[in-house]
file data-v1.txt (compact mmCIF, all heavy atoms)
# COMPACT_ATOMS: atom_id res chain seq x y z
N MET Q 1 135.67 152.90 159.85
CA MET Q 1 136.23 151.89 158.96
C MET Q 1 135.23 150.74 158.84
O MET Q 1 134.74 150.24 159.82
CB MET Q 1 137.56 151.40 159.52
CG MET Q 1 138.24 150.39 158.69
SD MET Q 1 139.85 150.04 159.39
CE MET Q 1 140.66 149.52 157.95
N LYS Q 2 134.97 150.32 157.62
CA LYS Q 2 134.03 149.23 157.39
C LYS Q 2 134.79 147.92 157.24
O LYS Q 2 135.95 147.90 156.86
CB LYS Q 2 133.21 149.50 156.13
CG LYS Q 2 132.30 150.69 156.29
CD LYS Q 2 131.43 150.85 155.08
CE LYS Q 2 130.49 152.01 155.27
NZ LYS Q 2 129.55 152.14 154.17
N ASP Q 3 134.09 146.84 157.55
CA ASP Q 3 134.72 145.53 157.41
C ASP Q 3 134.25 144.86 156.11
O ASP Q 3 133.46 145.40 155.36
CB ASP Q 3 134.42 144.66 158.62
CG ASP Q 3 132.92 144.51 158.85
OD1 ASP Q 3 132.16 144.62 157.88
OD2 ASP Q 3 132.54 144.27 159.99
N SER Q 4 134.73 143.66 155.86
CA SER Q 4 134.41 142.97 154.62
C SER Q 4 132.95 142.55 154.53
O SER Q 4 132.48 142.18 153.46
CB SER Q 4 135.32 141.76 154.45
OG SER Q 4 135.11 140.85 155.50
N LEU Q 5 132.23 142.58 155.63
CA LEU Q 5 130.82 142.21 155.60
C LEU Q 5 129.99 143.21 154.80
O LEU Q 5 128.91 142.89 154.33
CB LEU Q 5 130.26 142.08 157.02
CG LEU Q 5 130.89 140.97 157.86
CD1 LEU Q 5 130.35 141.01 159.28
CD2 LEU Q 5 130.63 139.62 157.24
N SER Q 6 130.49 144.42 154.61
CA SER Q 6 129.75 145.42 153.85
C SER Q 6 130.16 145.46 152.38
O SER Q 6 129.63 146.24 151.61
CB SER Q 6 129.93 146.80 154.49
OG SER Q 6 131.28 147.17 154.44
N PHE Q 7 131.08 144.59 151.98
CA PHE Q 7 131.50 144.53 150.58
C PHE Q 7 130.35 143.95 149.77
O PHE Q 7 129.70 142.99 150.20
CB PHE Q 7 132.74 143.65 150.44
CG PHE Q 7 133.49 143.84 149.16
CD1 PHE Q 7 134.37 144.89 149.01
CD2 PHE Q 7 133.30 142.97 148.09
CE1 PHE Q 7 135.07 145.08 147.82
CE2 PHE Q 7 134.00 143.15 146.91
CZ PHE Q 7 134.87 144.21 146.78
N PRO Q 8 130.06 144.49 148.59
CA PRO Q 8 128.91 144.01 147.81
C PRO Q 8 129.00 142.51 147.50
O PRO Q 8 130.02 142.02 147.04
CB PRO Q 8 128.98 144.82 146.51
CG PRO Q 8 129.82 146.01 146.83
CD PRO Q 8 130.76 145.58 147.91
N LYS Q 9 127.91 141.81 147.77
CA LYS Q 9 127.86 140.37 147.52
C LYS Q 9 127.97 140.10 146.01
O LYS Q 9 127.39 140.81 145.20
CB LYS Q 9 126.54 139.82 148.04
CG LYS Q 9 126.51 138.33 148.15
CD LYS Q 9 125.27 137.87 148.86
CE LYS Q 9 125.41 136.40 149.18
NZ LYS Q 9 124.41 135.95 150.10
N GLY Q 10 128.72 139.08 145.65
CA GLY Q 10 128.89 138.72 144.26
C GLY Q 10 129.92 139.57 143.52
O GLY Q 10 130.05 139.49 142.32
N MET Q 11 130.66 140.38 144.26
CA MET Q 11 131.68 141.25 143.67
C MET Q 11 133.04 140.89 144.25
O MET Q 11 133.14 140.31 145.32
CB MET Q 11 131.38 142.72 143.94
CG MET Q 11 130.04 143.18 143.39
SD MET Q 11 129.92 143.13 141.62
CE MET Q 11 130.75 144.64 141.20
N THR Q 12 134.10 141.26 143.53
CA THR Q 12 135.47 141.03 143.99
C THR Q 12 136.34 142.20 143.55
O THR Q 12 135.92 143.01 142.73
CB THR Q 12 136.01 139.70 143.42
OG1 THR Q 12 137.26 139.41 144.02
CG2 THR Q 12 136.18 139.75 141.92
N ILE Q 13 137.54 142.29 144.08
CA ILE Q 13 138.46 143.33 143.65
C ILE Q 13 138.89 143.02 142.22
O ILE Q 13 139.24 141.90 141.89
CB ILE Q 13 139.68 143.39 144.59
CG1 ILE Q 13 139.22 143.82 145.98
CG2 ILE Q 13 140.74 144.34 144.05
CD1 ILE Q 13 140.29 143.76 147.04
N SER Q 14 138.84 144.02 141.37
CA SER Q 14 139.12 143.84 139.94
C SER Q 14 140.62 143.69 139.69
O SER Q 14 141.44 144.44 140.22
CB SER Q 14 138.60 145.04 139.16
OG SER Q 14 138.95 144.92 137.80
N ALA Q 15 140.95 142.74 138.83
CA ALA Q 15 142.33 142.56 138.40
C ALA Q 15 142.65 143.47 137.21
O ALA Q 15 143.79 143.54 136.77
CB ALA Q 15 142.56 141.10 138.01
N ASN Q 16 141.65 144.16 136.70
CA ASN Q 16 141.82 145.01 135.52
C ASN Q 16 142.25 146.43 135.84
O ASN Q 16 142.49 147.22 134.94
CB ASN Q 16 140.52 145.06 134.71
CG ASN Q 16 140.11 143.71 134.22
OD1 ASN Q 16 140.95 142.91 133.83
ND2 ASN Q 16 138.84 143.43 134.26
N ARG Q 17 142.31 146.76 137.10
CA ARG Q 17 142.68 148.12 137.49
C ARG Q 17 143.64 148.07 138.66
O ARG Q 17 143.43 147.34 139.63
CB ARG Q 17 141.43 148.90 137.87
CG ARG Q 17 141.73 150.33 138.18
CD ARG Q 17 140.45 151.09 138.44
NE ARG Q 17 140.76 152.49 138.65
CZ ARG Q 17 139.86 153.41 138.79
NH1 ARG Q 17 138.59 153.10 138.76
NH2 ARG Q 17 140.21 154.66 138.98
N ARG Q 18 144.68 148.84 138.60
CA ARG Q 18 145.69 148.88 139.64
C ARG Q 18 145.19 149.72 140.82
O ARG Q 18 144.71 150.84 140.62
CB ARG Q 18 146.95 149.49 139.06
CG ARG Q 18 148.11 149.47 139.96
CD ARG Q 18 149.28 150.11 139.27
NE ARG Q 18 150.46 149.34 139.60
CZ ARG Q 18 151.61 149.48 139.04
NH1 ARG Q 18 151.77 150.37 138.09
NH2 ARG Q 18 152.62 148.75 139.40
N PRO Q 19 145.32 149.23 142.07
CA PRO Q 19 144.94 150.04 143.23
C PRO Q 19 145.88 151.25 143.34
O PRO Q 19 147.03 151.18 142.94
CB PRO Q 19 145.13 149.11 144.42
CG PRO Q 19 145.46 147.78 143.88
CD PRO Q 19 145.79 147.91 142.44
N TYR Q 20 145.37 152.34 143.89
CA TYR Q 20 146.22 153.52 144.08
C TYR Q 20 145.77 154.31 145.29
O TYR Q 20 144.64 154.21 145.74
CB TYR Q 20 146.23 154.39 142.82
CG TYR Q 20 144.87 154.94 142.43
CD1 TYR Q 20 144.47 156.22 142.84
CD2 TYR Q 20 144.00 154.21 141.65
CE1 TYR Q 20 143.24 156.73 142.49
CE2 TYR Q 20 142.76 154.71 141.28
CZ TYR Q 20 142.39 155.97 141.72
OH TYR Q 20 141.16 156.47 141.37
N TYR Q 21 146.70 155.10 145.85
CA TYR Q 21 146.42 155.94 147.01
C TYR Q 21 145.85 157.28 146.56
O TYR Q 21 146.17 157.77 145.48
CB TYR Q 21 147.70 156.20 147.81
CG TYR Q 21 148.14 155.03 148.63
CD1 TYR Q 21 149.11 154.15 148.17
CD2 TYR Q 21 147.58 154.79 149.87
CE1 TYR Q 21 149.51 153.07 148.92
CE2 TYR Q 21 147.97 153.70 150.64
CZ TYR Q 21 148.94 152.85 150.16
OH TYR Q 21 149.33 151.77 150.90
N THR Q 22 145.03 157.86 147.42
CA THR Q 22 144.55 159.21 147.16
C THR Q 22 145.71 160.19 147.30
O THR Q 22 146.77 159.83 147.83
CB THR Q 22 143.44 159.60 148.15
OG1 THR Q 22 143.96 159.52 149.47
CG2 THR Q 22 142.22 158.71 148.01
N GLU Q 23 145.53 161.40 146.85
CA GLU Q 23 146.58 162.40 146.92
C GLU Q 23 147.03 162.64 148.36
O GLU Q 23 148.21 162.85 148.63
CB GLU Q 23 146.09 163.71 146.31
CG GLU Q 23 147.20 164.70 146.06
CD GLU Q 23 146.72 165.90 145.27
OE1 GLU Q 23 146.00 165.72 144.28
OE2 GLU Q 23 147.08 167.02 145.68
N ALA Q 24 146.09 162.56 149.31
CA ALA Q 24 146.42 162.76 150.73
C ALA Q 24 147.07 161.53 151.36
O ALA Q 24 147.51 161.58 152.51
CB ALA Q 24 145.15 163.13 151.50
N LEU Q 25 147.14 160.43 150.63
CA LEU Q 25 147.72 159.16 151.10
C LEU Q 25 147.00 158.59 152.32
O LEU Q 25 147.59 157.85 153.10
CB LEU Q 25 149.22 159.32 151.39
CG LEU Q 25 150.08 159.77 150.22
CD1 LEU Q 25 151.52 159.99 150.68
CD2 LEU Q 25 150.02 158.76 149.09
N ASP Q 26 145.72 158.91 152.46
CA ASP Q 26 144.98 158.40 153.61
C ASP Q 26 143.98 157.31 153.24
O ASP Q 26 143.35 156.72 154.10
CB ASP Q 26 144.27 159.53 154.35
CG ASP Q 26 143.27 160.26 153.47
OD1 ASP Q 26 143.30 160.08 152.24
OD2 ASP Q 26 142.46 161.03 154.02
N ARG Q 27 143.85 157.03 151.95
CA ARG Q 27 142.95 155.99 151.48
C ARG Q 27 143.54 155.30 150.26
O ARG Q 27 144.34 155.87 149.54
CB ARG Q 27 141.60 156.57 151.08
CG ARG Q 27 140.85 157.16 152.24
CD ARG Q 27 139.58 157.81 151.78
NE ARG Q 27 139.03 158.56 152.89
CZ ARG Q 27 137.76 158.53 153.24
NH1 ARG Q 27 136.91 157.83 152.55
NH2 ARG Q 27 137.35 159.22 154.27
N ILE Q 28 143.11 154.07 150.06
CA ILE Q 28 143.51 153.35 148.85
C ILE Q 28 142.25 153.06 148.05
O ILE Q 28 141.23 152.67 148.59
CB ILE Q 28 144.29 152.06 149.18
CG1 ILE Q 28 144.88 151.47 147.93
CG2 ILE Q 28 143.45 151.06 149.92
CD1 ILE Q 28 145.95 150.43 148.15
N LEU Q 29 142.32 153.29 146.76
CA LEU Q 29 141.18 153.10 145.88
C LEU Q 29 141.46 151.93 144.94
O LEU Q 29 142.58 151.73 144.50
CB LEU Q 29 140.93 154.37 145.06
CG LEU Q 29 140.75 155.65 145.88
CD1 LEU Q 29 140.63 156.85 144.95
CD2 LEU Q 29 139.54 155.56 146.78
N PHE Q 30 140.42 151.17 144.66
CA PHE Q 30 140.56 150.02 143.77
C PHE Q 30 139.23 149.79 143.07
O PHE Q 30 138.18 150.22 143.54
CB PHE Q 30 141.00 148.76 144.52
CG PHE Q 30 140.10 148.41 145.68
CD1 PHE Q 30 138.98 147.63 145.50
CD2 PHE Q 30 140.39 148.89 146.95
CE1 PHE Q 30 138.16 147.31 146.57
CE2 PHE Q 30 139.57 148.58 148.03
CZ PHE Q 30 138.45 147.78 147.83
N GLY Q 31 139.28 149.11 141.95
CA GLY Q 31 138.06 148.79 141.21
C GLY Q 31 137.47 147.48 141.69
O GLY Q 31 138.15 146.65 142.27
N ILE Q 32 136.16 147.31 141.46
CA ILE Q 32 135.51 146.05 141.76
C ILE Q 32 134.84 145.53 140.49
O ILE Q 32 134.56 146.29 139.57
CB ILE Q 32 134.50 146.16 142.92
CG1 ILE Q 32 133.39 147.15 142.61
CG2 ILE Q 32 135.21 146.56 144.21
CD1 ILE Q 32 132.29 147.17 143.66
N ALA Q 33 134.63 144.25 140.45
CA ALA Q 33 134.04 143.60 139.28
C ALA Q 33 133.19 142.43 139.74
O ALA Q 33 133.39 141.91 140.84
CB ALA Q 33 135.14 143.12 138.35
N PRO Q 34 132.25 142.00 138.90
CA PRO Q 34 131.45 140.82 139.25
C PRO Q 34 132.34 139.60 139.46
O PRO Q 34 133.32 139.41 138.73
CB PRO Q 34 130.53 140.62 138.05
CG PRO Q 34 130.54 141.90 137.31
CD PRO Q 34 131.85 142.55 137.60
N LEU Q 35 132.00 138.80 140.43
CA LEU Q 35 132.75 137.58 140.72
C LEU Q 35 132.37 136.51 139.71
O LEU Q 35 131.19 136.19 139.54
CB LEU Q 35 132.43 137.08 142.13
CG LEU Q 35 133.16 135.87 142.64
CD1 LEU Q 35 134.66 136.11 142.66
CD2 LEU Q 35 132.68 135.50 144.02
N GLU Q 36 133.35 135.98 138.99
CA GLU Q 36 133.12 134.94 138.00
C GLU Q 36 134.00 133.75 138.35
O GLU Q 36 135.20 133.90 138.56
CB GLU Q 36 133.47 135.43 136.61
CG GLU Q 36 132.59 136.58 136.15
CD GLU Q 36 133.00 137.12 134.79
OE1 GLU Q 36 133.83 136.49 134.11
OE2 GLU Q 36 132.47 138.18 134.42
N LEU Q 37 133.39 132.58 138.41
CA LEU Q 37 134.15 131.38 138.73
C LEU Q 37 134.99 130.97 137.53
O LEU Q 37 134.54 131.03 136.39
CB LEU Q 37 133.20 130.23 139.10
CG LEU Q 37 132.36 130.46 140.35
CD1 LEU Q 37 131.43 129.27 140.56
CD2 LEU Q 37 133.24 130.66 141.56
N ALA Q 38 136.21 130.58 137.81
CA ALA Q 38 137.12 130.13 136.75
C ALA Q 38 136.72 128.73 136.31
O ALA Q 38 136.32 127.90 137.13
CB ALA Q 38 138.55 130.14 137.25
N LYS Q 39 136.83 128.46 135.02
CA LYS Q 39 136.54 127.12 134.53
C LYS Q 39 137.76 126.24 134.76
O LYS Q 39 138.87 126.63 134.44
CB LYS Q 39 136.19 127.17 133.05
CG LYS Q 39 134.88 127.87 132.80
CD LYS Q 39 134.50 127.81 131.35
CE LYS Q 39 133.17 128.50 131.15
NZ LYS Q 39 132.73 128.45 129.76
N ARG Q 40 137.51 125.07 135.33
CA ARG Q 40 138.59 124.13 135.59
C ARG Q 40 138.78 123.22 134.40
O ARG Q 40 137.82 122.72 133.82
CB ARG Q 40 138.23 123.25 136.79
CG ARG Q 40 138.89 123.64 138.03
CD ARG Q 40 138.69 122.71 139.18
NE ARG Q 40 137.87 121.54 138.97
CZ ARG Q 40 137.53 120.72 139.92
NH1 ARG Q 40 137.90 120.93 141.14
NH2 ARG Q 40 136.79 119.67 139.67
N LYS Q 41 140.03 122.99 134.05
CA LYS Q 41 140.34 122.05 132.98
C LYS Q 41 140.58 120.69 133.62
O LYS Q 41 141.28 120.57 134.61
CB LYS Q 41 141.58 122.49 132.21
CG LYS Q 41 141.35 123.74 131.41
CD LYS Q 41 142.56 124.05 130.56
CE LYS Q 41 142.31 125.27 129.71
NZ LYS Q 41 143.47 125.59 128.88
N ARG Q 42 139.96 119.67 133.03
CA ARG Q 42 140.17 118.32 133.53
C ARG Q 42 141.45 117.74 132.96
O ARG Q 42 141.78 118.01 131.80
CB ARG Q 42 139.01 117.42 133.11
CG ARG Q 42 137.73 117.79 133.79
CD ARG Q 42 136.66 116.85 133.33
NE ARG Q 42 135.67 116.77 134.38
CZ ARG Q 42 134.80 115.80 134.49
NH1 ARG Q 42 134.76 114.84 133.61
NH2 ARG Q 42 133.93 115.79 135.48
N PRO Q 43 142.15 116.94 133.73
CA PRO Q 43 143.34 116.27 133.20
C PRO Q 43 142.96 115.39 132.02
O PRO Q 43 141.85 114.87 131.95
CB PRO Q 43 143.83 115.43 134.38
CG PRO Q 43 143.22 116.06 135.59
CD PRO Q 43 141.93 116.67 135.13
N LYS Q 44 143.88 115.21 131.06
CA LYS Q 44 143.59 114.44 129.85
C LYS Q 44 143.15 113.02 130.16
O LYS Q 44 142.29 112.47 129.48
CB LYS Q 44 144.81 114.43 128.93
CG LYS Q 44 145.04 115.74 128.26
CD LYS Q 44 146.20 115.67 127.28
CE LYS Q 44 146.42 117.01 126.61
NZ LYS Q 44 147.52 116.96 125.67
N ALA Q 45 143.71 112.39 131.17
CA ALA Q 45 143.36 111.01 131.51
C ALA Q 45 141.87 110.90 131.85
O ALA Q 45 141.20 109.96 131.46
CB ALA Q 45 144.21 110.52 132.68
N ILE Q 46 141.34 111.87 132.56
CA ILE Q 46 139.93 111.86 132.93
C ILE Q 46 139.07 112.12 131.69
O ILE Q 46 138.05 111.49 131.49
CB ILE Q 46 139.64 112.90 134.03
CG1 ILE Q 46 140.32 112.47 135.32
CG2 ILE Q 46 138.14 113.07 134.25
CD1 ILE Q 46 140.24 113.49 136.44
N GLN Q 47 139.49 113.02 130.81
CA GLN Q 47 138.74 113.32 129.60
C GLN Q 47 138.67 112.07 128.70
O GLN Q 47 137.64 111.79 128.11
CB GLN Q 47 139.40 114.46 128.83
CG GLN Q 47 139.20 115.80 129.50
CD GLN Q 47 139.92 116.91 128.75
OE1 GLN Q 47 140.64 116.67 127.79
NE2 GLN Q 47 139.72 118.13 129.20
N GLN Q 48 139.77 111.32 128.59
CA GLN Q 48 139.81 110.14 127.74
C GLN Q 48 138.86 109.06 128.26
O GLN Q 48 138.17 108.41 127.50
CB GLN Q 48 141.22 109.60 127.62
CG GLN Q 48 142.12 110.50 126.81
CD GLN Q 48 143.57 110.07 126.85
OE1 GLN Q 48 143.94 109.17 127.59
NE2 GLN Q 48 144.41 110.73 126.05
N ARG Q 49 138.82 108.85 129.58
CA ARG Q 49 137.92 107.86 130.17
C ARG Q 49 136.47 108.23 129.91
O ARG Q 49 135.62 107.39 129.69
CB ARG Q 49 138.15 107.75 131.68
CG ARG Q 49 139.30 106.86 132.03
CD ARG Q 49 139.32 106.61 133.50
NE ARG Q 49 140.48 107.35 134.02
CZ ARG Q 49 140.56 107.90 135.19
NH1 ARG Q 49 139.57 107.84 136.03
NH2 ARG Q 49 141.65 108.53 135.56
N LYS Q 50 136.16 109.51 129.94
CA LYS Q 50 134.79 109.97 129.77
C LYS Q 50 134.29 109.71 128.34
O LYS Q 50 133.11 109.46 128.13
CB LYS Q 50 134.71 111.47 130.08
CG LYS Q 50 133.31 111.99 130.18
CD LYS Q 50 133.31 113.43 130.65
CE LYS Q 50 131.89 113.92 130.80
NZ LYS Q 50 131.83 115.28 131.28
N HIS Q 51 135.16 109.76 127.35
CA HIS Q 51 134.77 109.59 125.96
C HIS Q 51 134.72 108.12 125.52
O HIS Q 51 134.38 107.83 124.40
CB HIS Q 51 135.72 110.37 125.04
CG HIS Q 51 135.58 111.84 125.20
ND1 HIS Q 51 134.43 112.52 124.89
CD2 HIS Q 51 136.44 112.79 125.68
CE1 HIS Q 51 134.57 113.81 125.14
NE2 HIS Q 51 135.79 114.00 125.64
N ARG Q 52 135.07 107.21 126.34
CA ARG Q 52 135.05 105.77 125.96
C ARG Q 52 133.67 105.21 125.98
O ARG Q 52 132.74 105.53 126.48
CB ARG Q 52 135.94 104.96 126.89
CG ARG Q 52 137.40 105.23 126.61
CD ARG Q 52 138.23 104.36 127.47
NE ARG Q 52 139.62 104.69 127.23
CZ ARG Q 52 140.61 104.14 127.86
NH1 ARG Q 52 140.41 103.22 128.77
NH2 ARG Q 52 141.84 104.47 127.60
call {"tool": "encode", "arguments": {"input": "data-v1.txt", "output": "structure tokens"}}
result
Amino acid sequence: MKDSLSFPKGMTISANRRPYYTEALDRILFGIAPLELAKRKRPKAIQQRKHR
């Protein structure tokens, strides 16, 4: 059994594919995808101060 240290750097478990068990039910398979940082939205009050 491998630990998370061997998981590819810069990758994450994909939200686009549902995990599933193998037919023998001894493993779970899932997709991986490149890790992308989510863009944060600033509160309107901060945006208004910035444009003054």
call {"tool": "atom_distance", "arguments": {"input": "data-v1.txt", "atom1": "CA of Gly31 (chain Q)", "atom2": "CA of Thr12 (chain Q)"}}
result
8.6 Å
call {"tool": "residues_around", "arguments": {"input": "data-v1.txt", "residues": "Ile13 (chain Q)", "least_positions_apart": "6", "cutoff": "6 Å", "atoms": "all atoms listed in the file", "output": "PyMOL selection string"}}
result
chain Q and resi 7+19+30-33
call {"tool": "write_last_selection", "arguments": {"input": "data-v1.txt", "atoms": "all heavy atoms", "output": "PDB file, keeping the file's coordinate frame"}}
result
ATOM      1  N   PHE Q   7     131.080 144.590 151.980  1.00  0.00           N
ATOM      2  CA  PHE Q   7     131.500 144.530 150.580  1.00  0.00           C
ATOM      3  C   PHE Q   7     130.350 143.950 149.770  1.00  0.00           C
ATOM      4  O   PHE Q   7     129.700 142.990 150.200  1.00  0.00           O
ATOM      5  CB  PHE Q   7     132.740 143.650 150.440  1.00  0.00           C
ATOM      6  CG  PHE Q   7     133.490 143.840 149.160  1.00  0.00           C
ATOM      7  CD1 PHE Q   7     134.370 144.890 149.010  1.00  0.00           C
ATOM      8  CD2 PHE Q   7     133.300 142.970 148.090  1.00  0.00           C
ATOM      9  CE1 PHE Q   7     135.070 145.080 147.820  1.00  0.00           C
ATOM     10  CE2 PHE Q   7     134.000 143.150 146.910  1.00  0.00           C
ATOM     11  CZ  PHE Q   7     134.870 144.210 146.780  1.00  0.00           C
ATOM     12  N   PRO Q  19     145.320 149.230 142.070  1.00  0.00           N
ATOM     13  CA  PRO Q  19     144.940 150.040 143.230  1.00  0.00           C
ATOM     14  C   PRO Q  19     145.880 151.250 143.340  1.00  0.00           C
ATOM     15  O   PRO Q  19     147.030 151.180 142.940  1.00  0.00           O
ATOM     16  CB  PRO Q  19     145.130 149.110 144.420  1.00  0.00           C
ATOM     17  CG  PRO Q  19     145.460 147.780 143.880  1.00  0.00           C
ATOM     18  CD  PRO Q  19     145.790 147.910 142.440  1.00  0.00           C
ATOM     19  N   PHE Q  30     140.420 151.170 144.660  1.00  0.00           N
ATOM     20  CA  PHE Q  30     140.560 150.020 143.770  1.00  0.00           C
ATOM     21  C   PHE Q  30     139.230 149.790 143.070  1.00  0.00           C
ATOM     22  O   PHE Q  30     138.180 150.220 143.540  1.00  0.00           O
ATOM     23  CB  PHE Q  30     141.000 148.760 144.520  1.00  0.00           C
ATOM     24  CG  PHE Q  30     140.100 148.410 145.680  1.00  0.00           C
ATOM     25  CD1 PHE Q  30     138.980 147.630 145.500  1.00  0.00           C
ATOM     26  CD2 PHE Q  30     140.390 148.890 146.950  1.00  0.00           C
ATOM     27  CE1 PHE Q  30     138.160 147.310 146.570  1.00  0.00           C
ATOM     28  CE2 PHE Q  30     139.570 148.580 148.030  1.00  0.00           C
ATOM     29  CZ  PHE Q  30     138.450 147.780 147.830  1.00  0.00           C
ATOM     30  N   GLY Q  31     139.280 149.110 141.950  1.00  0.00           N
ATOM     31  CA  GLY Q  31     138.060 148.790 141.210  1.00  0.00           C
ATOM     32  C   GLY Q  31     137.470 147.480 141.690  1.00  0.00           C
ATOM     33  O   GLY Q  31     138.150 146.650 142.270  1.00  0.00           O
ATOM     34  N   ILE Q  32     136.160 147.310 141.460  1.00  0.00           N
ATOM     35  CA  ILE Q  32     135.510 146.050 141.760  1.00  0.00           C
ATOM     36  C   ILE Q  32     134.840 145.530 140.490  1.00  0.00           C
ATOM     37  O   ILE Q  32     134.560 146.290 139.570  1.00  0.00           O
ATOM     38  CB  ILE Q  32     134.500 146.160 142.920  1.00  0.00           C
ATOM     39  CG1 ILE Q  32     133.390 147.150 142.610  1.00  0.00           C
ATOM     40  CG2 ILE Q  32     135.210 146.560 144.210  1.00  0.00           C
ATOM     41  CD1 ILE Q  32     132.290 147.170 143.660  1.00  0.00           C
ATOM     42  N   ALA Q  33     134.630 144.250 140.450  1.00  0.00           N
ATOM     43  CA  ALA Q  33     134.040 143.600 139.280  1.00  0.00           C
ATOM     44  C   ALA Q  33     133.190 142.430 139.740  1.00  0.00           C
ATOM     45  O   ALA Q  33     133.390 141.910 140.840  1.00  0.00           O
ATOM     46  CB  ALA Q  33     135.140 143.120 138.350  1.00  0.00           C
TER      47      ALA Q  33
END
call {"tool": "atom_distance", "arguments": {"input": "data-v1.txt", "atom1": "CA of Glu36 (chain Q)", "atom2": "CB of Met11 (chain Q)"}}
result
9.9 Å
call {"tool": "atom_distance", "arguments": {"input": "data-v1.txt", "atom1": "CA of Gly10 (chain Q)", "atom2": "atom C of Pro34 (chain Q)"}}
result
6.0 Å
